[in-house]
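Next comes run-v9.cif, a file with mmCIF, C-alpha atoms.
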data_structure
loop_
_atom_site.label_atom_id
_atom_site.label_comp_id
_atom_site.auth_asym_id
_atom_site.auth_seq_id
_atom_site.Cartn_x
_atom_site.Cartn_y
_atom_site.Cartn_z
CA MET A 1 113.73 -7.79 -138.75
CA LYS A 2 113.35 -4.51 -140.61
CA LEU A 3 110.44 -2.13 -140.34
CA VAL A 4 108.93 -0.23 -143.25
CA SER A 5 106.54 2.69 -143.02
CA PHE A 6 104.40 2.34 -146.13
CA HIS A 7 101.97 4.78 -147.71
CA LEU A 8 99.31 4.48 -150.42
CA MET A 9 98.53 8.22 -150.32
CA PRO A 10 94.73 8.13 -150.30
CA TYR A 11 92.76 11.22 -151.28
CA ARG A 12 91.10 11.82 -147.92
CA PRO A 13 88.95 14.87 -148.82
CA LEU A 14 86.90 12.70 -151.20
CA ASP A 15 83.18 13.47 -151.02
CA LEU A 16 82.04 9.96 -150.07
CA GLU A 17 78.40 10.66 -150.82
CA GLU A 18 79.25 11.76 -154.38
CA ALA A 19 81.71 8.90 -154.81
CA ALA A 20 79.01 6.39 -153.85
CA LYS A 21 77.05 7.47 -156.93
CA HIS A 22 79.71 5.87 -159.11
CA ARG A 23 80.47 2.24 -159.76
CA SER A 24 83.85 2.44 -158.10
CA ALA A 25 86.45 4.81 -156.64
CA TRP A 26 88.80 3.29 -159.23
CA VAL A 27 88.95 3.88 -162.99
CA VAL A 28 85.53 5.48 -163.43
CA LEU A 29 85.54 8.09 -160.66
CA PRO A 30 85.19 11.48 -162.39
CA ASN A 31 88.10 13.89 -162.16
CA HIS A 32 85.87 16.71 -160.94
CA LEU A 33 85.72 14.98 -157.55
CA TYR A 34 89.41 15.82 -157.15
CA ASP A 35 90.16 19.30 -155.84
CA PRO A 36 93.74 20.16 -156.84
CA VAL A 37 94.13 22.67 -153.99
CA LYS A 38 93.20 20.05 -151.41
CA GLY A 39 95.15 17.47 -153.43
CA ALA A 40 98.37 19.49 -153.22
CA GLU A 41 97.88 19.73 -149.46
CA GLU A 42 97.39 15.97 -149.33
CA TYR A 43 100.65 15.37 -151.17
CA ALA A 44 102.50 17.66 -148.74
CA ARG A 45 101.09 15.92 -145.67
CA HIS A 46 101.63 12.39 -147.00
CA ILE A 47 105.24 13.19 -147.86
CA ASP A 48 105.72 14.80 -144.43
CA ALA A 49 104.41 11.60 -142.81
CA LEU A 50 106.89 9.43 -144.72
CA VAL A 51 109.77 11.77 -143.94
CA TYR A 52 108.78 11.73 -140.24
CA ALA A 53 109.06 7.92 -140.31
CA GLU A 54 112.84 8.32 -140.67
CA GLN A 55 112.93 10.35 -137.47
CA LEU A 56 110.87 7.65 -135.75
CA GLY A 57 113.56 5.13 -136.62
CA PHE A 58 111.98 3.08 -139.41
CA ASP A 59 114.48 1.20 -141.56
CA ALA A 60 112.67 2.03 -144.78
CA ILE A 61 109.78 4.07 -146.15
CA GLY A 62 107.62 2.56 -148.86
CA VAL A 63 105.70 3.94 -151.83
CA ASN A 64 103.62 2.18 -154.44
CA GLU A 65 101.74 2.56 -157.72
CA HIS A 66 98.03 2.60 -158.55
CA HIS A 67 96.17 4.39 -161.31
CA GLN A 68 92.99 6.44 -161.56
CA THR A 69 91.91 5.90 -157.99
CA ALA A 70 90.98 7.92 -154.94
CA TYR A 71 92.64 5.14 -152.96
CA GLY A 72 96.10 6.36 -153.93
CA LEU A 73 97.53 9.54 -155.40
CA MET A 74 100.66 7.83 -156.65
CA PRO A 75 100.48 6.68 -160.28
CA ALA A 76 104.23 7.43 -160.52
CA PRO A 77 105.93 6.20 -157.31
CA ASN A 78 109.38 7.08 -158.62
CA LEU A 79 108.45 10.77 -158.56
CA ILE A 80 107.53 10.56 -154.89
CA ALA A 81 110.68 8.50 -154.20
CA SER A 82 112.69 11.29 -155.79
CA ALA A 83 111.09 13.86 -153.49
CA LEU A 84 111.73 11.64 -150.47
CA ILE A 85 115.41 11.29 -151.38
CA GLN A 86 115.77 15.07 -151.06
CA ARG A 87 114.11 15.16 -147.64
CA THR A 88 115.80 12.18 -145.95
CA LYS A 89 119.37 11.17 -145.12
CA ARG A 90 119.61 7.60 -143.89
CA VAL A 91 116.35 5.74 -144.41
CA GLU A 92 115.98 3.30 -147.31
CA ILE A 93 113.28 4.07 -149.86
CA ALA A 94 111.33 1.04 -151.04
CA ILE A 95 109.38 1.25 -154.28
CA LEU A 96 106.78 -1.50 -153.85
CA GLY A 97 106.61 -1.44 -156.73
CA ARG A 98 106.63 -0.20 -160.26
CA ALA A 99 104.04 -1.96 -162.48
CA LEU A 100 106.23 -3.14 -165.30
CA PRO A 101 103.55 -4.72 -167.54
CA LEU A 102 101.91 -1.31 -168.05
CA VAL A 103 104.87 0.23 -169.83
CA ASN A 104 106.04 -0.44 -173.34
CA ASN A 105 109.75 -0.24 -172.92
CA PRO A 106 111.25 -1.38 -169.60
CA ILE A 107 114.57 0.24 -170.44
CA TYR A 108 113.16 3.64 -169.43
CA ILE A 109 112.08 2.25 -166.08
CA ALA A 110 115.55 0.79 -165.58
CA GLU A 111 116.94 4.26 -166.30
CA GLU A 112 114.65 5.83 -163.68
CA PHE A 113 115.75 3.32 -161.08
CA ALA A 114 119.39 3.89 -161.93
CA MET A 115 118.85 7.64 -161.43
CA LEU A 116 117.09 7.12 -158.10
CA ASP A 117 119.78 4.73 -156.95
CA ASN A 118 122.44 7.28 -157.73
CA LEU A 119 120.52 10.30 -156.41
CA SER A 120 119.95 8.48 -153.12
CA LYS A 121 123.52 7.16 -152.95
CA GLY A 122 122.25 3.60 -152.86
CA ARG A 123 119.20 3.91 -150.57
CA ILE A 124 116.66 2.57 -153.11
CA ILE A 125 114.92 -0.81 -152.89
CA ALA A 126 113.60 -1.59 -156.40
CA GLY A 127 110.36 -3.56 -156.49
CA PHE A 128 108.22 -4.62 -159.43
CA VAL A 129 104.58 -5.60 -159.48
CA ARG A 130 102.16 -7.02 -162.00
CA GLY A 131 99.38 -4.53 -161.19
CA ILE A 132 95.85 -5.49 -160.25
CA GLY A 133 92.88 -5.82 -162.63
CA SER A 134 91.89 -2.16 -162.53
CA GLU A 135 95.35 -1.14 -163.78
CA TYR A 136 94.52 -2.90 -167.02
CA HIS A 137 91.25 -1.02 -167.35
CA SER A 138 93.04 2.29 -166.72
CA SER A 139 95.92 1.71 -169.06
CA GLY A 140 94.08 -0.13 -171.80
CA SER A 141 96.83 -2.69 -171.96
CA ILE A 142 95.87 -6.29 -172.39
CA ARG A 143 96.31 -8.15 -169.12
CA ILE A 144 96.83 -11.57 -170.64
CA SER A 145 99.68 -10.70 -172.94
CA ARG A 146 101.18 -8.11 -170.60
CA ILE A 147 101.57 -10.58 -167.74
CA SER A 148 103.53 -12.93 -169.93
CA ALA A 149 105.69 -9.95 -170.93
CA PHE A 150 106.19 -9.19 -167.21
CA THR A 151 107.30 -12.76 -166.58
CA ARG A 152 109.76 -12.54 -169.44
CA ARG A 153 111.20 -9.25 -168.21
CA THR A 154 111.63 -10.19 -164.59
CA THR A 155 112.99 -13.70 -164.95
CA MET B 1 65.62 -28.96 -188.20
CA PRO B 2 68.34 -30.68 -186.15
CA ALA B 3 71.82 -29.29 -186.53
CA GLN B 4 74.75 -31.62 -186.75
CA LEU B 5 77.73 -30.89 -184.52
CA THR B 6 80.89 -31.85 -186.37
CA GLU B 7 84.60 -31.19 -186.06
CA PHE B 8 86.61 -29.50 -188.75
CA LYS B 9 90.38 -29.38 -188.97
CA VAL B 10 92.22 -26.41 -190.46
CA ARG B 11 95.98 -26.98 -190.39
CA ASP B 12 96.81 -27.70 -186.74
CA ALA B 13 93.53 -26.48 -185.25
CA THR B 14 90.31 -28.48 -184.87
CA ILE B 15 87.14 -26.47 -184.37
CA LYS B 16 83.53 -27.37 -183.63
CA LEU B 17 81.23 -26.79 -186.58
CA HIS B 18 77.42 -26.83 -186.40
CA ARG B 19 75.83 -27.60 -189.78
CA ALA B 20 72.24 -27.73 -190.97
CA GLY B 21 70.27 -27.59 -194.22
CA ARG B 22 71.11 -27.82 -197.89
CA GLY B 23 71.70 -25.27 -200.61
CA PRO B 24 74.16 -22.46 -201.18
CA ALA B 25 76.53 -21.98 -198.23
CA VAL B 26 75.78 -19.46 -195.49
CA LEU B 27 78.55 -18.98 -192.93
CA PHE B 28 77.49 -17.45 -189.61
CA LEU B 29 80.23 -15.95 -187.41
CA HIS B 30 79.18 -15.74 -183.78
CA GLY B 31 79.85 -12.93 -181.33
CA ALA B 32 81.48 -12.78 -177.89
CA GLY B 33 79.01 -15.22 -176.35
CA GLY B 34 79.92 -18.11 -178.66
CA VAL B 35 77.24 -20.62 -179.69
CA PRO B 36 75.59 -21.68 -176.43
CA VAL B 37 72.32 -22.75 -178.15
CA TRP B 38 70.95 -23.45 -181.61
CA LEU B 39 68.69 -20.52 -182.49
CA PRO B 40 65.33 -20.27 -184.29
CA PHE B 41 67.10 -17.82 -186.64
CA PHE B 42 69.46 -20.64 -187.67
CA ASP B 43 66.49 -22.93 -188.40
CA ALA B 44 64.95 -20.28 -190.64
CA LEU B 45 68.18 -20.02 -192.68
CA ALA B 46 68.69 -23.80 -192.81
CA GLU B 47 65.34 -24.24 -194.55
CA ARG B 48 66.86 -22.82 -197.74
CA TYR B 49 70.63 -22.87 -197.28
CA GLU B 50 73.47 -24.97 -196.03
CA LEU B 51 74.20 -23.14 -192.80
CA LEU B 52 77.61 -23.44 -191.19
CA VAL B 53 78.09 -22.10 -187.66
CA PRO B 54 81.68 -22.65 -186.51
CA GLU B 55 82.84 -22.03 -182.96
CA HIS B 56 85.83 -19.71 -183.38
CA PRO B 57 89.24 -20.88 -182.19
CA GLY B 58 89.47 -20.15 -178.46
CA PHE B 59 85.66 -20.37 -178.02
CA GLY B 60 83.38 -23.19 -176.89
CA GLY B 61 84.81 -26.59 -177.73
CA SER B 62 87.27 -25.43 -180.40
CA ASP B 63 91.04 -25.52 -180.14
CA ASP B 64 92.89 -22.35 -179.21
CA PRO B 65 96.10 -22.37 -181.24
CA PRO B 66 98.69 -20.06 -179.65
CA TRP B 67 99.43 -18.36 -182.96
CA ILE B 68 96.01 -16.72 -183.05
CA THR B 69 96.69 -13.52 -181.12
CA SER B 70 94.53 -10.96 -182.95
CA MET B 71 91.49 -10.39 -185.14
CA SER B 72 93.77 -10.33 -188.14
CA ASP B 73 95.03 -13.86 -187.33
CA LEU B 74 91.45 -15.01 -186.88
CA ALA B 75 90.49 -13.56 -190.27
CA MET B 76 93.35 -15.40 -191.95
CA PHE B 77 92.28 -18.57 -190.15
CA TYR B 78 88.80 -18.29 -191.71
CA LEU B 79 90.25 -17.73 -195.18
CA ASP B 80 92.03 -21.06 -194.66
CA PHE B 81 88.77 -22.53 -193.37
CA VAL B 82 86.65 -21.67 -196.45
CA GLU B 83 89.44 -22.81 -198.72
CA THR B 84 89.90 -26.14 -196.88
CA ALA B 85 86.13 -26.69 -196.86
CA GLY B 86 86.04 -25.91 -200.60
CA LEU B 87 83.29 -23.33 -200.13
CA GLU B 88 82.41 -20.92 -202.94
CA GLY B 89 79.83 -18.16 -203.29
CA VAL B 90 79.47 -17.98 -199.52
CA HIS B 91 76.93 -15.67 -197.93
CA LEU B 92 78.69 -14.40 -194.83
CA ILE B 93 76.79 -13.29 -191.71
CA GLY B 94 78.44 -11.88 -188.60
CA ASN B 95 77.15 -10.64 -185.28
CA SER B 96 79.11 -8.23 -183.06
CA LEU B 97 82.66 -9.65 -182.78
CA GLY B 98 81.68 -11.99 -185.64
CA GLY B 99 80.70 -8.99 -187.76
CA TRP B 100 84.06 -7.37 -187.10
CA LEU B 101 85.64 -10.68 -188.10
CA ALA B 102 83.54 -10.88 -191.29
CA ALA B 103 84.83 -7.45 -192.34
CA GLU B 104 88.45 -8.37 -191.51
CA ILE B 105 88.05 -11.47 -193.71
CA LEU B 106 86.49 -9.67 -196.67
CA ILE B 107 88.94 -6.75 -196.82
CA ARG B 108 91.69 -9.37 -197.21
CA ASP B 109 90.07 -11.68 -199.77
CA ARG B 110 86.46 -11.73 -200.92
CA ALA B 111 86.93 -14.22 -203.82
CA ARG B 112 84.95 -17.04 -202.21
CA PHE B 113 82.16 -14.81 -200.91
CA ARG B 114 78.91 -13.61 -202.47
CA SER B 115 77.33 -11.31 -199.89
CA LEU B 116 77.65 -9.92 -196.38
CA VAL B 117 75.12 -9.48 -193.58
CA GLN B 118 76.24 -7.48 -190.57
CA LEU B 119 74.22 -7.82 -187.36
CA ALA B 120 75.38 -5.02 -185.02
CA PRO B 121 79.04 -5.52 -185.87
CA ALA B 122 81.96 -4.34 -183.77
CA GLY B 123 85.16 -3.29 -185.55
CA ILE B 124 84.76 0.41 -186.30
CA ARG B 125 83.58 3.33 -184.21
CA VAL B 126 82.15 6.79 -184.54
CA LYS B 127 84.63 9.05 -182.76
CA GLY B 128 83.22 10.33 -179.50
CA VAL B 129 80.50 7.65 -179.34
CA PRO B 130 81.82 5.01 -176.94
CA CYS B 131 80.57 1.43 -177.08
CA GLY B 132 79.12 -0.17 -173.96
CA ASP B 133 81.97 -1.44 -171.81
CA ASN B 134 80.94 -5.03 -171.22
CA PHE B 135 84.33 -5.81 -169.67
CA ILE B 136 83.55 -3.61 -166.70
CA TRP B 137 79.91 -4.70 -166.31
CA GLY B 138 78.91 -7.27 -163.73
CA PRO B 139 77.55 -10.62 -164.95
CA GLU B 140 73.86 -9.72 -164.54
CA GLU B 141 74.30 -6.26 -166.02
CA ALA B 142 76.10 -7.78 -169.02
CA VAL B 143 73.14 -10.04 -169.76
CA ARG B 144 70.57 -7.27 -169.23
CA ASN B 145 72.42 -4.87 -171.51
CA LEU B 146 72.28 -7.37 -174.38
CA TYR B 147 68.52 -7.01 -174.74
CA HIS B 148 65.84 -4.38 -175.13
CA ASP B 149 63.14 -6.77 -173.93
CA GLN B 150 64.18 -7.71 -170.39
CA GLY B 151 62.06 -10.87 -170.67
CA PHE B 152 64.99 -12.42 -172.59
CA ALA B 153 67.44 -11.43 -169.85
CA ASP B 154 65.10 -12.71 -167.12
CA ARG B 155 64.88 -16.12 -168.79
CA ILE B 156 68.66 -16.37 -169.20
CA LEU B 157 69.38 -15.19 -165.66
CA ALA B 158 66.92 -17.77 -164.29
CA LEU B 159 69.10 -20.58 -165.69
CA THR B 160 71.90 -22.06 -163.59
CA PRO B 161 74.85 -22.84 -165.86
CA SER B 162 76.54 -26.22 -165.39
CA GLU B 163 80.24 -26.48 -164.49
CA ALA B 164 81.00 -27.29 -168.13
CA GLN B 165 79.04 -24.24 -169.32
CA LEU B 166 80.82 -22.03 -166.79
CA ASP B 167 84.17 -23.30 -168.08
CA ILE B 168 83.14 -22.42 -171.64
CA MET B 169 81.93 -18.96 -170.57
CA LEU B 170 85.29 -18.31 -168.90
CA ARG B 171 87.17 -19.58 -171.92
CA ASN B 172 85.09 -17.37 -174.24
CA ARG B 173 85.73 -14.36 -172.02
CA PHE B 174 89.46 -14.97 -172.05
CA THR B 175 89.50 -15.09 -175.86
CA VAL B 176 87.22 -12.07 -176.12
CA ALA B 177 89.61 -10.06 -173.92
CA LYS B 178 92.49 -11.14 -176.12
CA LEU B 179 90.68 -9.89 -179.23
CA GLY B 180 88.59 -6.93 -178.10
CA TRP B 181 90.10 -5.41 -174.94
CA GLN B 182 92.22 -2.70 -176.50
CA PRO B 183 91.35 -0.73 -178.48
CA ARG B 184 87.91 -1.52 -177.10
CA TRP B 185 85.97 -3.41 -179.76
CA PHE B 186 87.48 -1.85 -182.85
CA SER B 187 90.52 -1.87 -185.06
CA PRO B 188 91.98 1.53 -185.98
CA ASP B 189 92.87 0.13 -189.41
CA LEU B 190 89.59 -1.46 -190.44
CA GLU B 191 87.49 1.53 -191.50
CA LYS B 192 89.93 2.72 -194.15
CA TRP B 193 89.78 -0.65 -195.95
CA LEU B 194 86.02 -1.25 -195.98
CA HIS B 195 85.84 -0.03 -199.59
CA ARG B 196 87.40 -3.39 -200.51
CA ILE B 197 84.19 -5.20 -199.59
CA LYS B 198 82.70 -4.92 -203.08
CA LEU B 199 79.79 -7.23 -202.30
CA PRO B 200 76.11 -6.62 -201.67
CA ALA B 201 75.84 -5.97 -197.95
CA LEU B 202 73.02 -5.66 -195.47
CA VAL B 203 73.56 -3.93 -192.13
CA VAL B 204 71.02 -4.71 -189.40
CA TRP B 205 70.96 -2.83 -186.09
CA GLY B 206 68.70 -2.75 -183.04
CA ASP B 207 67.55 0.77 -182.14
CA ASP B 208 68.22 0.02 -178.44
CA ASP B 209 71.63 -1.62 -178.74
CA LYS B 210 73.48 -0.85 -175.48
CA ILE B 211 76.78 -2.41 -176.60
CA MET B 212 77.39 -1.27 -180.19
CA PRO B 213 75.92 2.22 -180.55
CA PRO B 214 73.21 2.48 -183.26
CA ALA B 215 75.14 5.57 -184.44
CA ASN B 216 77.71 3.16 -185.90
CA ALA B 217 75.13 1.72 -188.33
CA ALA B 218 75.18 4.75 -190.65
CA LEU B 219 78.98 4.73 -190.73
CA TRP B 220 78.99 1.09 -191.84
CA GLN B 221 76.45 1.87 -194.55
CA GLN B 222 78.57 4.82 -195.75
CA ARG B 223 81.82 2.87 -195.85
CA LEU B 224 80.52 -0.32 -197.48
CA PRO B 225 80.45 0.16 -201.27
CA ASP B 226 77.09 -1.60 -201.65
CA GLY B 227 75.47 -1.43 -198.24
CA ARG B 228 71.85 -1.06 -197.22
CA LEU B 229 70.65 -0.54 -193.68
CA VAL B 230 67.75 -1.90 -191.67
CA MET B 231 67.12 -0.52 -188.20
CA VAL B 232 65.10 -2.87 -186.01
CA GLU B 233 62.78 -1.32 -183.45
CA ARG B 234 62.57 -2.44 -179.83
CA CYS B 235 65.73 -4.44 -180.24
CA GLY B 236 69.09 -4.74 -178.47
CA HIS B 237 72.49 -6.08 -179.49
CA LEU B 238 71.30 -9.48 -180.80
CA PRO B 239 68.73 -8.68 -183.53
CA HIS B 240 68.69 -12.29 -184.75
CA VAL B 241 67.73 -13.44 -181.26
CA GLU B 242 65.47 -10.69 -180.03
CA GLN B 243 63.56 -10.06 -183.29
CA ALA B 244 64.32 -13.44 -184.83
CA ALA B 245 61.38 -13.72 -187.23
CA ALA B 246 61.63 -10.19 -188.62
CA VAL B 247 65.41 -10.33 -188.95
CA ALA B 248 65.33 -13.78 -190.60
CA ARG B 249 62.87 -12.36 -193.14
CA HIS B 250 65.13 -9.37 -193.89
CA VAL B 251 68.18 -11.60 -194.21
CA LEU B 252 66.47 -14.23 -196.38
CA ASP B 253 64.97 -11.58 -198.67
CA PHE B 254 68.37 -9.96 -199.01
CA ILE B 255 70.20 -13.20 -199.79
CA GLU B 256 67.48 -14.26 -202.26
CA GLY B 257 67.93 -10.92 -203.94
CA VAL B 258 71.65 -11.41 -204.58
CA THR B 259 71.54 -15.03 -205.77
#
Go ahead and render the structure in this file as structure tokens.
Amino acid sequence: MKLVSFHLMPYRPLDLEEAAKHRSAWVVLPNHLYDPVKGAEEYARHIDALVYAEQLGFDAIGVNEHHQTAYGLMPAPNLIASALIQRTKRVEIAILGRALPLVNNPIYIAEEFAMLDNLSKGRIIAGFVRGIGSEYHSSGSIRISRISAFTRRTT
Amino acid sequence: MPAQLTEFKVRDATIKLHRAGRGPAVLFLHGAGGVPVWLPFFDALAERYELLVPEHPGFGGSDDPPWITSMSDLAMFYLDFVETAGLEGVHLIGNSLGGWLAAEILIRDRARFRSLVQLAPAGIRVKGVPCGDNFIWGPEEAVRNLYHDQGFADRILALTPSEAQLDIMLRNRFTVAKLGWQPRWFSPDLEKWLHRIKLPALVVWGDDDKIMPPANAALWQQRLPDGRLVMVERCGHLPHVEQAAAVARHVLDFIEGVT
């Protein structure tokens, strides 16, 4: 058995009373509810927590992708993975995963993974996801046709 | 006047076609909701015209051929349809998605058409004026936002759809997402070709349309070479449903005027 310490990177300083005035904390939550000073602090602490997981003996640390949501500050998990590579030595870094149907050309994603794999000297676990419904509202891509594209690209 | 529900085959696709009345042909292109019921507005038209109300491919009981992937495919399908049916001098009416479709058809080939009526059409937008996002609305909200007079919404929401009706609603929604999800309810290429619709045109819009902004009405009138505009008061996105008598009168007067 292997153990993964996994983070979604929520935006914890969210004003819950203000957020409740909106339909959802996804897609339609206004940007002004995000304070970039507090946000930067959140990034630092979340990354610290993942790095600390290596010291605690976890086999891998996990990151993932969601868009336009207070639930996760990680629309680009590969960027966070890149930061984690610089701060860790041994632990594997699992990207769980990159939402392939949202991008137009998967070659560029393959390039990113190849870079991460090399930067980390082989510590990357490459995962791909379909994305959930809200991803298709955020990106404006058409879920129906994109999922069949995903199936084509990953099989 | 009872409508006849028939089937009509165009190449490899069979669609449901409601027909009523006699006279010059009027082709009504439905919106995102399909044709769940026969409307009083249809009866009014069928008194003087041969009214054809097809269920678009992918909607209701019609086939969904895999090669229809966009509004432009659907427009080409309907050019095949009028040709196969041998229709000439057609008065074309479209509502919402059906209005967008009507415009996509006519910019390509208007030879078999005589006039155009647009009832709150989708298809173009005024920059900075977003349409209502019915993909993100809940089911009740989506019904309420169709109407100005909430009495209509109350009556619809009081009905319990059958399993078969639920299946059709889901099927319609799937097709609507395929056609209108992105860009939301418009084609970036349509507006620049509207000058090709050299036909008498009537644009009808509810002043309380929560889906297609009434601000779009003036843009349609500007871009259509021979367009006139009627704004309907106390009316939402379905003028032919919510103000059926008044809108039927406007439409019949207009069509009489061009024949």
Residues in the PyMOL selection byres ((chain B and resi 34) around 8), expressed as an mmCIF file with C-alpha atoms, in the coordinates of the input:
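part10.cif was written with the following content:
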data_model
loop_
_atom_site.group_PDB
_atom_site.id
_atom_site.type_symbol
_atom_site.label_atom_id
_atom_site.label_comp_id
_atom_site.auth_asym_id
_atom_site.auth_seq_id
_atom_site.Cartn_x
_atom_site.Cartn_y
_atom_site.Cartn_z
ATOM 1 C CA HIS B 30 79.180 -15.740 -183.780
ATOM 2 C CA GLY B 31 79.850 -12.930 -181.330
ATOM 3 C CA ALA B 32 81.480 -12.780 -177.890
ATOM 4 C CA GLY B 33 79.010 -15.220 -176.350
ATOM 5 C CA VAL B 35 77.240 -20.620 -179.690
ATOM 6 C CA PRO B 36 75.590 -21.680 -176.430
ATOM 7 C CA GLU B 55 82.840 -22.030 -182.960
ATOM 8 C CA HIS B 56 85.830 -19.710 -183.380
ATOM 9 C CA PHE B 59 85.660 -20.370 -178.020
ATOM 10 C CA GLY B 60 83.380 -23.190 -176.890
ATOM 11 C CA ASN B 172 85.090 -17.370 -174.240
#
Exercise for the section: Provide as a list in words the residues of chain B at most 9 Å from chain A, counting all atoms listed in the file. Expected result: Phe135, Ile136, Phe174, Ala177, Lys178, Trp181, Gln182, Pro183 and Arg184 of chain B
Exercise for the section: Let me know the residues the PyMOL selection byres ((chain B and resi 227) around 10) catches in the file above, as a list of chain:residue names. Expected result: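 Output from the PyMOL selection byres ((chain B and resi 227) around 10), applied to this file: B:Leu116, B:Val117, B:Gln118, B:Ile197, B:Lys198, B:Leu199, B:Pro200, B:Ala201, B:Leu202, B:Val203, B:Ala218, B:Trp220, B:Gln221, B:Gln222, B:Arg223, B:Leu224, B:Pro225, B:Asp226, B:Arg228, B:Leu229.
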Problem - One-decimal distance in Å that lies between CA of Met76 (chain B) and CA of Asp133 (chain B) - result: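 About the pair CA of Asp133 (chain B) and CA of Met76 (chain B): they are 27.0 Å apart.
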Problem - Matched chain/residue IDs from the PyMOL selection byres ((chain B and resi 17) around 7), as a list of chain:residue names - result: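 Selected by the PyMOL selection byres ((chain B and resi 17) around 7) in this file: B:Leu5, B:Thr6, B:Glu7, B:Phe8, B:Ile15, B:Lys16, B:His18, B:Arg19, B:Leu52, B:Val53, B:Pro54, B:Glu55.
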Would you save the residues from that selection as a tab-separated table (two decimals), in the coordinates of the input, using C-alpha atoms?
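Final file, result.tsv:
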chain	number	residue	atom	x	y	z
B	5	LEU	CA	77.73	-30.89	-184.52
B	6	THR	CA	80.89	-31.85	-186.37
B	7	GLU	CA	84.60	-31.19	-186.06
B	8	PHE	CA	86.61	-29.50	-188.75
B	15	ILE	CA	87.14	-26.47	-184.37
B	16	LYS	CA	83.53	-27.37	-183.63
B	18	HIS	CA	77.42	-26.83	-186.40
B	19	ARG	CA	75.83	-27.60	-189.78
B	52	LEU	CA	77.61	-23.44	-191.19
B	53	VAL	CA	78.09	-22.10	-187.66
B	54	PRO	CA	81.68	-22.65	-186.51
B	55	GLU	CA	82.84	-22.03	-182.96
Completion exercise
One decimal place gives the CA of Gly94 (chain B)-CA of Phe28 (chain B) separation as 5.7 Å
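Proximity of B:Asn134, B:Ile255, B:Pro57, B:Arg114 to Thr175 (chain B), computed with all atoms listed in the file, is greatest for B:Pro57.
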Starting from the incomplete input, reconstruct N, CA and C atoms of region 63-75 of chain A and write that as a PDB file, in the frame of the given file.
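As a result, rebuild_3.pdb now contains:
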ATOM      1  N   VAL A  63     106.699   3.311-150.944  1.00  0.00           N
ATOM      2  CA  VAL A  63     105.700   3.940-151.830  1.00  0.00           C
ATOM      3  C   VAL A  63     105.229   2.897-152.842  1.00  0.00           C
ATOM      4  N   ASN A  64     104.063   3.136-153.429  1.00  0.00           N
ATOM      5  CA  ASN A  64     103.620   2.180-154.440  1.00  0.00           C
ATOM      6  C   ASN A  64     102.799   2.852-155.539  1.00  0.00           C
ATOM      7  N   GLU A  65     102.353   2.044-156.486  1.00  0.00           N
ATOM      8  CA  GLU A  65     101.740   2.560-157.720  1.00  0.00           C
ATOM      9  C   GLU A  65     100.321   2.035-157.905  1.00  0.00           C
ATOM     10  N   HIS A  66      99.378   2.964-158.064  1.00  0.00           N
ATOM     11  CA  HIS A  66      98.030   2.600-158.550  1.00  0.00           C
ATOM     12  C   HIS A  66      97.546   3.734-159.428  1.00  0.00           C
ATOM     13  N   HIS A  67      96.589   3.410-160.308  1.00  0.00           N
ATOM     14  CA  HIS A  67      96.170   4.390-161.310  1.00  0.00           C
ATOM     15  C   HIS A  67      94.688   4.723-161.215  1.00  0.00           C
ATOM     16  N   GLN A  68      94.377   5.985-161.474  1.00  0.00           N
ATOM     17  CA  GLN A  68      92.990   6.440-161.560  1.00  0.00           C
ATOM     18  C   GLN A  68      92.170   5.975-160.367  1.00  0.00           C
ATOM     19  N   THR A  69      92.643   6.323-159.189  1.00  0.00           N
ATOM     20  CA  THR A  69      91.910   5.900-157.990  1.00  0.00           C
ATOM     21  C   THR A  69      92.038   6.906-156.859  1.00  0.00           C
ATOM     22  N   ALA A  70      90.949   7.062-156.120  1.00  0.00           N
ATOM     23  CA  ALA A  70      90.980   7.920-154.940  1.00  0.00           C
ATOM     24  C   ALA A  70      91.737   7.238-153.803  1.00  0.00           C
ATOM     25  N   TYR A  71      91.998   5.973-153.967  1.00  0.00           N
ATOM     26  CA  TYR A  71      92.640   5.140-152.960  1.00  0.00           C
ATOM     27  C   TYR A  71      94.136   5.448-152.871  1.00  0.00           C
ATOM     28  N   GLY A  72      94.682   6.025-153.942  1.00  0.00           N
ATOM     29  CA  GLY A  72      96.100   6.360-153.930  1.00  0.00           C
ATOM     30  C   GLY A  72      96.425   7.424-154.943  1.00  0.00           C
ATOM     31  N   LEU A  73      97.202   8.408-154.514  1.00  0.00           N
ATOM     32  CA  LEU A  73      97.530   9.540-155.400  1.00  0.00           C
ATOM     33  C   LEU A  73      98.894   9.344-156.066  1.00  0.00           C
ATOM     34  N   MET A  74      99.276   8.075-156.255  1.00  0.00           N
ATOM     35  CA  MET A  74     100.660   7.830-156.650  1.00  0.00           C
ATOM     36  C   MET A  74     100.786   6.976-157.916  1.00  0.00           C
ATOM     37  N   PRO A  75     100.307   7.478-159.053  1.00  0.00           N
ATOM     38  CA  PRO A  75     100.480   6.680-160.280  1.00  0.00           C
ATOM     39  C   PRO A  75     101.957   6.544-160.668  1.00  0.00           C
TER      40      PRO A  75
END
